[in-house]
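Here the structure is laid out as structure tokens; the discussion comes afterwards.
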Amino acid sequence: MEIKNKVFAITGAGSGLGMATVEHILSRGGMVMAIDHSKEGLDLLDHSPRVLSKHLCDVSQNDLLTTTLRQGQKHWGHIHGGIHCAGIAPAAKIYSKTKGSHSGSLFEKVISINLLGSFYFVNAITPILLENEPEYPDGERGCIILTSSVASYEGQIGQVAYAASKGGVNAMILPAARELASHGIRINAIAPGIFKTAMVDSFPDKVQADLAAQIPFPHRLGKPSEYGQLVISILTNVMINGSVIRLDGAVRMT
Ligand code: NAD
């Protein structure tokens, strides 16, 4: 898919990987429908309304997300692709001597934002992409990218809810790609390793240094722009479909 003059809905656009994706799409001549539940995050996006619209929305609210994406389609005329970066990563053990058992409501919250939110995004954007004229020679109508995590494969202690939510994202990709193929819509997920965003900045410096030390090469935390770069590769390479792509410097968390 060409990016120039196309419109992309990006969730989690107010920070980290989502914000880097906004910059990459704009730098290639695309337009952005920026979605986040944080007004402060959206306020950081300082771009002309000719290329970027801002939408406050909680992705775990199915009806609200559907309405928001329809508003974006009405505003821009079309939406050609969606990159879903909104997510949370709270840590909690199944049982901790000091904190007791894992709260059920925390588990539900992580599933609700990370997994249900991903499904709601796919569900809401698909009928909008279906309205696009197919782009030849391949007949492509749209492309969706979800965000998983290497924790879906090698979750660490304290990541039981997070790993379960991202494992669910991985499992959705192939059946979704098979179903959407007949409409000319591709879907993939990116499974980042450890990237220097607000999510990881909230960890103590020593934890960040220990995490970086585990990354074989390059021996450092990932840069959000490297996530944005992969988004561009997936969008522009029509052969990438039905995959969960690790972006992790070969890290395998112990
Ligand atoms: P971040 O905290 O910098 O950004 C997340 C954004 O999502 C924020 O702007 C936040 O306001 C928004 N958000 C959170 N809940 C939302 C909701 N319910 N509705 C709408 N917006 C919501 O985090 P990030 O590092 O950029 O993470 C982006 C995605 O990448 C997440 O899904 C995360 O799980 C995944 N990920 C990150 C890393 C990493 O190392 N940073 C690693 C693996 C996976």
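Residues in the structure tokens are numbered from 1 in each chain, the chains being A, B, ... in the order shown, and ligands are numbered from 1 in the order shown.
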All residues 8 Å or closer to Val110 (chain A), only C-alpha atoms, same chain fewer than 3 positions away omitted, as a list in words: Ile88, Ala89, Pro90, Leu106, Phe107, Ile113, Asn114, Leu115, Ala161, Tyr162 and Ser165 of chain A
Residues of the last selection are to be written out with all heavy atoms, as a compact mmCIF listing (two decimals), in the first residue's frame.
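Saved the output as out17.txt:
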# COMPACT_ATOMS: atom_id res chain seq x y z
N ILE A 88 -1.80 -1.37 28.08
CA ILE A 88 -1.25 -1.14 29.42
C ILE A 88 -0.46 -2.38 29.85
O ILE A 88 -0.70 -3.47 29.32
CB ILE A 88 -2.35 -0.84 30.47
CG1 ILE A 88 -3.39 -1.98 30.51
CG2 ILE A 88 -3.03 0.49 30.17
CD1 ILE A 88 -4.34 -1.89 31.71
N ALA A 89 0.45 -2.19 30.81
CA ALA A 89 1.27 -3.33 31.25
C ALA A 89 1.52 -3.31 32.76
O ALA A 89 2.66 -3.27 33.20
CB ALA A 89 2.61 -3.32 30.50
N PRO A 90 0.44 -3.37 33.56
CA PRO A 90 0.69 -3.40 35.00
C PRO A 90 1.25 -4.76 35.42
O PRO A 90 0.89 -5.78 34.82
CB PRO A 90 -0.70 -3.18 35.60
CG PRO A 90 -1.66 -3.60 34.56
CD PRO A 90 -0.98 -3.46 33.23
N LEU A 106 -8.04 -6.51 38.17
CA LEU A 106 -6.86 -6.05 37.40
C LEU A 106 -6.67 -6.95 36.17
O LEU A 106 -6.41 -6.46 35.07
CB LEU A 106 -5.59 -6.08 38.27
CG LEU A 106 -4.33 -5.67 37.53
CD1 LEU A 106 -4.40 -4.21 37.07
CD2 LEU A 106 -3.07 -5.87 38.39
N PHE A 107 -6.84 -8.28 36.36
CA PHE A 107 -6.72 -9.19 35.23
C PHE A 107 -7.74 -8.81 34.16
O PHE A 107 -7.42 -8.69 32.97
CB PHE A 107 -6.93 -10.64 35.70
CG PHE A 107 -6.46 -11.67 34.72
CD1 PHE A 107 -5.21 -12.27 34.87
CD2 PHE A 107 -7.24 -12.04 33.63
CE1 PHE A 107 -4.75 -13.22 33.94
CE2 PHE A 107 -6.80 -12.98 32.71
CZ PHE A 107 -5.55 -13.58 32.86
N ILE A 113 -8.51 -3.98 28.00
CA ILE A 113 -7.84 -2.96 27.17
C ILE A 113 -6.99 -3.62 26.08
O ILE A 113 -7.10 -3.28 24.90
CB ILE A 113 -6.98 -2.02 28.05
CG1 ILE A 113 -7.91 -1.22 28.98
CG2 ILE A 113 -6.12 -1.10 27.19
CD1 ILE A 113 -7.20 -0.33 29.97
N ASN A 114 -6.16 -4.61 26.46
CA ASN A 114 -5.19 -5.14 25.49
C ASN A 114 -5.79 -6.12 24.50
O ASN A 114 -5.48 -6.08 23.31
CB ASN A 114 -4.04 -5.84 26.23
CG ASN A 114 -3.17 -4.86 27.01
OD1 ASN A 114 -3.38 -3.67 26.98
ND2 ASN A 114 -2.19 -5.39 27.71
N LEU A 115 -6.65 -7.02 24.98
CA LEU A 115 -7.19 -8.05 24.08
C LEU A 115 -8.54 -7.65 23.49
O LEU A 115 -8.69 -7.60 22.27
CB LEU A 115 -7.30 -9.40 24.83
CG LEU A 115 -7.85 -10.57 24.02
CD1 LEU A 115 -7.09 -10.78 22.71
CD2 LEU A 115 -7.84 -11.86 24.84
N ALA A 161 -1.20 -11.64 33.50
CA ALA A 161 -2.34 -11.02 32.81
C ALA A 161 -1.89 -10.42 31.47
O ALA A 161 -2.54 -10.62 30.43
CB ALA A 161 -2.95 -9.92 33.69
N TYR A 162 -0.79 -9.72 31.50
CA TYR A 162 -0.27 -9.06 30.29
C TYR A 162 0.05 -10.10 29.20
O TYR A 162 -0.35 -9.95 28.04
CB TYR A 162 0.97 -8.25 30.66
CG TYR A 162 1.57 -7.45 29.54
CD1 TYR A 162 0.90 -6.36 29.01
CD2 TYR A 162 2.83 -7.78 29.01
CE1 TYR A 162 1.46 -5.61 27.98
CE2 TYR A 162 3.39 -7.03 28.00
CZ TYR A 162 2.70 -5.95 27.48
OH TYR A 162 3.25 -5.21 26.45
N SER A 165 -3.04 -11.52 27.70
CA SER A 165 -3.71 -10.58 26.78
C SER A 165 -3.01 -10.54 25.43
O SER A 165 -3.64 -10.51 24.38
CB SER A 165 -3.78 -9.18 27.41
OG SER A 165 -2.50 -8.56 27.45
List as a ChimeraX atom specification the protein and nucleic acid residues near region 199-215 of chain A, meaning an atom at most 9 Å away when only C-alpha atoms are counted, but skip any in the same chain fewer than 2 places from it. /A:16,88-89,193-197,217-222,248-254
As a ChimeraX atom specification, please: every residue in region 152-243 of chain A that DSSP puts in alpha helix (DSSP H). /A:152-154,160-181,198-201,205-213,224-236
What residues of the protein or nucleic acid chains come within 8 Å of ligand 1 when you use only C-alpha atoms and all ligand atoms? Reply as a ChimeraX atom specification. /A:11-19,35-38,41-42,56-61,84-89,113-114,117,147-151,162,166,191-200,221-222,224
Minimum-distance residue to Lys74 (chain A), chosen among A:Ser53, A:Gly184, A:Ile94, A:Asn62 (using only C-alpha atoms):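 Smallest distance to Lys74 (chain A) is found for A:Ser53.
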Proximity to Leu235 (chain A) - best of A:His80, A:His55, A:Gln73, A:Met31, only C-alpha atoms: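 Answer, going by the shortest atom-to-atom distance: A:His80.
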With only C-alpha atoms as the basis for distance, which of A:Leu174, A:Asp43, A:Lys109, A:Gly158 is at the shortest distance from Lys93 (chain A)?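 Nearest to Lys93 (chain A): A:Gly158.
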Figure out the distance between CA of Leu26 (chain A) and CA of Ala176 (chain A), please, to one decimal in Å.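 Pair CA of Ala176 (chain A) / CA of Leu26 (chain A) returns 27.5 Å.
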I'd like to know which of A:Ser101, A:Ala91, A:Ser118, A:Gly228 is closest to Ala163 (chain A), using only C-alpha atoms. A:Ala91
Residues flagged strand (DSSP E or B) by DSSP in region 4-97 of chain A, as an mmCIF file with all heavy atoms, in the first residue's frame:
data_model
loop_
_atom_site.group_PDB
_atom_site.id
_atom_site.type_symbol
_atom_site.label_atom_id
_atom_site.label_comp_id
_atom_site.auth_asym_id
_atom_site.auth_seq_id
_atom_site.Cartn_x
_atom_site.Cartn_y
_atom_site.Cartn_z
ATOM 1 N N VAL A 7 -5.092 7.643 4.647
ATOM 2 C CA VAL A 7 -5.442 7.980 6.029
ATOM 3 C C VAL A 7 -5.314 6.741 6.917
ATOM 4 O O VAL A 7 -5.814 5.669 6.555
ATOM 5 C CB VAL A 7 -6.900 8.502 6.094
ATOM 6 C CG1 VAL A 7 -7.257 8.890 7.525
ATOM 7 C CG2 VAL A 7 -7.093 9.673 5.152
ATOM 8 N N PHE A 8 -4.653 6.930 8.062
ATOM 9 C CA PHE A 8 -4.422 5.807 8.974
ATOM 10 C C PHE A 8 -4.930 6.167 10.375
ATOM 11 O O PHE A 8 -4.598 7.234 10.904
ATOM 12 C CB PHE A 8 -2.925 5.463 9.024
ATOM 13 C CG PHE A 8 -2.425 4.994 7.684
ATOM 14 C CD1 PHE A 8 -1.951 5.917 6.746
ATOM 15 C CD2 PHE A 8 -2.481 3.653 7.338
ATOM 16 C CE1 PHE A 8 -1.524 5.504 5.488
ATOM 17 C CE2 PHE A 8 -2.059 3.228 6.081
ATOM 18 C CZ PHE A 8 -1.575 4.153 5.151
ATOM 19 N N ALA A 9 -5.721 5.257 10.943
ATOM 20 C CA ALA A 9 -6.174 5.420 12.328
ATOM 21 C C ALA A 9 -5.116 4.800 13.231
ATOM 22 O O ALA A 9 -4.731 3.647 13.024
ATOM 23 C CB ALA A 9 -7.513 4.716 12.522
ATOM 24 N N ILE A 10 -4.640 5.569 14.207
ATOM 25 C CA ILE A 10 -3.587 5.081 15.099
ATOM 26 C C ILE A 10 -4.059 5.241 16.545
ATOM 27 O O ILE A 10 -4.342 6.360 16.995
ATOM 28 C CB ILE A 10 -2.268 5.857 14.888
ATOM 29 C CG1 ILE A 10 -1.821 5.733 13.420
ATOM 30 C CG2 ILE A 10 -1.175 5.343 15.828
ATOM 31 C CD1 ILE A 10 -0.598 6.556 13.056
ATOM 32 N N THR A 11 -4.167 4.118 17.270
ATOM 33 C CA THR A 11 -4.547 4.203 18.690
ATOM 34 C C THR A 11 -3.278 4.257 19.551
ATOM 35 O O THR A 11 -2.207 3.835 19.119
ATOM 36 C CB THR A 11 -5.402 3.003 19.137
ATOM 37 O OG1 THR A 11 -4.570 1.838 19.189
ATOM 38 C CG2 THR A 11 -6.576 2.761 18.209
ATOM 39 N N MET A 31 -1.985 10.809 6.148
ATOM 40 C CA MET A 31 -2.764 11.571 7.131
ATOM 41 C C MET A 31 -3.115 10.646 8.297
ATOM 42 O O MET A 31 -3.208 9.434 8.117
ATOM 43 C CB MET A 31 -4.064 12.089 6.502
ATOM 44 C CG MET A 31 -3.879 13.369 5.723
ATOM 45 S SD MET A 31 -3.428 13.051 4.039
ATOM 46 C CE MET A 31 -4.986 12.699 3.316
ATOM 47 N N VAL A 32 -3.348 11.255 9.471
ATOM 48 C CA VAL A 32 -3.523 10.438 10.673
ATOM 49 C C VAL A 32 -4.788 10.825 11.438
ATOM 50 O O VAL A 32 -5.055 12.001 11.671
ATOM 51 C CB VAL A 32 -2.295 10.591 11.608
ATOM 52 C CG1 VAL A 32 -2.575 9.999 12.986
ATOM 53 C CG2 VAL A 32 -1.067 9.924 10.994
ATOM 54 N N MET A 33 -5.521 9.793 11.817
ATOM 55 C CA MET A 33 -6.603 9.936 12.778
ATOM 56 C C MET A 33 -6.014 9.426 14.098
ATOM 57 O O MET A 33 -5.816 8.218 14.264
ATOM 58 C CB MET A 33 -7.761 9.055 12.311
ATOM 59 C CG MET A 33 -8.900 9.043 13.232
ATOM 60 S SD MET A 33 -10.103 7.769 12.817
ATOM 61 C CE MET A 33 -11.184 8.045 14.210
ATOM 62 N N ALA A 34 -5.667 10.345 14.998
ATOM 63 C CA ALA A 34 -4.967 9.977 16.234
ATOM 64 C C ALA A 34 -5.978 9.708 17.345
ATOM 65 O O ALA A 34 -6.808 10.558 17.665
ATOM 66 C CB ALA A 34 -4.022 11.105 16.650
ATOM 67 N N ILE A 35 -5.907 8.504 17.921
ATOM 68 C CA ILE A 35 -6.860 8.095 18.966
ATOM 69 C C ILE A 35 -6.102 7.797 20.263
ATOM 70 O O ILE A 35 -5.100 7.089 20.242
ATOM 71 C CB ILE A 35 -7.615 6.815 18.533
ATOM 72 C CG1 ILE A 35 -8.361 7.045 17.213
ATOM 73 C CG2 ILE A 35 -8.577 6.341 19.621
ATOM 74 C CD1 ILE A 35 -8.887 5.770 16.570
ATOM 75 N N ASP A 36 -6.611 8.326 21.369
ATOM 76 C CA ASP A 36 -6.029 8.010 22.682
ATOM 77 C C ASP A 36 -7.072 8.376 23.737
ATOM 78 O O ASP A 36 -7.946 9.195 23.487
ATOM 79 C CB ASP A 36 -4.731 8.802 22.915
ATOM 80 C CG ASP A 36 -3.782 8.091 23.872
ATOM 81 O OD1 ASP A 36 -4.146 7.935 25.063
ATOM 82 O OD2 ASP A 36 -2.693 7.662 23.441
ATOM 83 N N LEU A 52 -3.795 15.841 10.478
ATOM 84 C CA LEU A 52 -4.028 15.031 11.684
ATOM 85 C C LEU A 52 -5.303 15.469 12.412
ATOM 86 O O LEU A 52 -5.513 16.657 12.625
ATOM 87 C CB LEU A 52 -2.820 15.161 12.623
ATOM 88 C CG LEU A 52 -2.880 14.306 13.885
ATOM 89 C CD1 LEU A 52 -1.531 13.630 14.155
ATOM 90 C CD2 LEU A 52 -3.242 15.152 15.113
ATOM 91 N N SER A 53 -6.151 14.499 12.724
ATOM 92 C CA SER A 53 -7.325 14.779 13.567
ATOM 93 C C SER A 53 -7.161 14.024 14.881
ATOM 94 O O SER A 53 -6.556 12.951 14.912
ATOM 95 C CB SER A 53 -8.617 14.355 12.865
ATOM 96 O OG SER A 53 -8.620 12.963 12.613
ATOM 97 N N LYS A 54 -7.691 14.613 15.975
ATOM 98 C CA LYS A 54 -7.509 14.013 17.307
ATOM 99 C C LYS A 54 -8.849 13.521 17.850
ATOM 100 O O LYS A 54 -9.849 14.235 17.754
ATOM 101 C CB LYS A 54 -6.931 15.065 18.263
ATOM 102 C CG LYS A 54 -5.589 15.603 17.823
ATOM 103 C CD LYS A 54 -5.055 16.604 18.828
ATOM 104 C CE LYS A 54 -3.815 17.302 18.288
ATOM 105 N NZ LYS A 54 -3.192 18.195 19.258
ATOM 106 N N HIS A 55 -8.827 12.321 18.443
ATOM 107 C CA HIS A 55 -10.069 11.700 18.916
ATOM 108 C C HIS A 55 -9.848 11.074 20.282
ATOM 109 O O HIS A 55 -9.074 10.117 20.408
ATOM 110 C CB HIS A 55 -10.531 10.629 17.924
ATOM 111 C CG HIS A 55 -10.618 11.137 16.521
ATOM 112 N ND1 HIS A 55 -11.814 11.513 15.941
ATOM 113 C CD2 HIS A 55 -9.643 11.354 15.589
ATOM 114 C CE1 HIS A 55 -11.570 11.937 14.699
ATOM 115 N NE2 HIS A 55 -10.268 11.852 14.467
ATOM 116 N N LEU A 56 -10.532 11.605 21.295
ATOM 117 C CA LEU A 56 -10.455 11.015 22.639
ATOM 118 C C LEU A 56 -11.335 9.779 22.670
ATOM 119 O O LEU A 56 -12.530 9.860 22.352
ATOM 120 C CB LEU A 56 -10.994 12.021 23.654
ATOM 121 C CG LEU A 56 -10.016 12.905 24.404
ATOM 122 C CD1 LEU A 56 -10.785 13.805 25.363
ATOM 123 C CD2 LEU A 56 -8.957 12.106 25.142
ATOM 124 N N GLY A 81 -6.021 2.293 6.640
ATOM 125 C CA GLY A 81 -5.337 1.321 7.483
ATOM 126 C C GLY A 81 -5.448 1.707 8.942
ATOM 127 O O GLY A 81 -5.801 2.847 9.278
ATOM 128 N N GLY A 82 -5.161 0.751 9.821
ATOM 129 C CA GLY A 82 -5.239 1.016 11.254
ATOM 130 C C GLY A 82 -4.071 0.395 11.989
ATOM 131 O O GLY A 82 -3.723 -0.764 11.728
ATOM 132 N N ILE A 83 -3.458 1.172 12.867
ATOM 133 C CA ILE A 83 -2.354 0.655 13.676
ATOM 134 C C ILE A 83 -2.773 0.829 15.134
ATOM 135 O O ILE A 83 -2.991 1.947 15.611
ATOM 136 C CB ILE A 83 -1.033 1.411 13.379
ATOM 137 C CG1 ILE A 83 -0.687 1.277 11.890
ATOM 138 C CG2 ILE A 83 0.120 0.804 14.192
ATOM 139 C CD1 ILE A 83 -0.986 2.464 11.061
ATOM 140 N N HIS A 84 -2.889 -0.305 15.822
ATOM 141 C CA HIS A 84 -3.442 -0.303 17.170
ATOM 142 C C HIS A 84 -2.314 -0.462 18.198
ATOM 143 O O HIS A 84 -1.760 -1.546 18.346
ATOM 144 C CB HIS A 84 -4.426 -1.470 17.281
ATOM 145 C CG HIS A 84 -5.105 -1.568 18.599
ATOM 146 N ND1 HIS A 84 -5.951 -0.597 19.091
ATOM 147 C CD2 HIS A 84 -5.082 -2.539 19.549
ATOM 148 C CE1 HIS A 84 -6.410 -0.961 20.270
ATOM 149 N NE2 HIS A 84 -5.893 -2.136 20.579
ATOM 150 N N ALA A 92 1.738 -7.779 38.273
ATOM 151 C CA ALA A 92 1.193 -8.341 39.522
ATOM 152 C C ALA A 92 1.420 -9.838 39.530
ATOM 153 O O ALA A 92 1.274 -10.504 38.504
ATOM 154 C CB ALA A 92 -0.304 -8.035 39.641
ATOM 155 N N TYR A 95 0.327 -14.674 43.398
ATOM 156 C CA TYR A 95 0.271 -14.528 44.856
ATOM 157 C C TYR A 95 1.548 -13.863 45.352
ATOM 158 O O TYR A 95 2.646 -14.298 45.003
ATOM 159 C CB TYR A 95 0.094 -15.886 45.550
ATOM 160 C CG TYR A 95 0.022 -15.700 47.047
ATOM 161 C CD1 TYR A 95 -1.155 -15.244 47.648
ATOM 162 C CD2 TYR A 95 1.134 -15.916 47.848
ATOM 163 C CE1 TYR A 95 -1.205 -15.009 49.014
ATOM 164 C CE2 TYR A 95 1.079 -15.694 49.214
ATOM 165 C CZ TYR A 95 -0.092 -15.236 49.791
ATOM 166 O OH TYR A 95 -0.146 -14.987 51.133
ATOM 167 N N SER A 96 1.389 -12.816 46.123
ATOM 168 C CA SER A 96 2.549 -12.149 46.703
ATOM 169 C C SER A 96 2.378 -12.116 48.230
ATOM 170 O O SER A 96 1.259 -11.855 48.713
ATOM 171 C CB SER A 96 2.654 -10.732 46.118
ATOM 172 O OG SER A 96 2.989 -9.807 47.093
#
I'd like the neighbourhood of Ala181 (chain A) as a list in words, where a residue qualifies if any of its atoms comes within 10 Å (using only C-alpha atoms), though same-chain residues fewer than 5 positions away should be ignored.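 Answer for this query is Glu140, Arg141, Pro175, Ala176, Arg186, Ile187, Asn241 and Gly242 of chain A.
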So how far away is CA of Gln159 (chain A) from CA of Thr98 (chain A), in Å? 17.3 Å
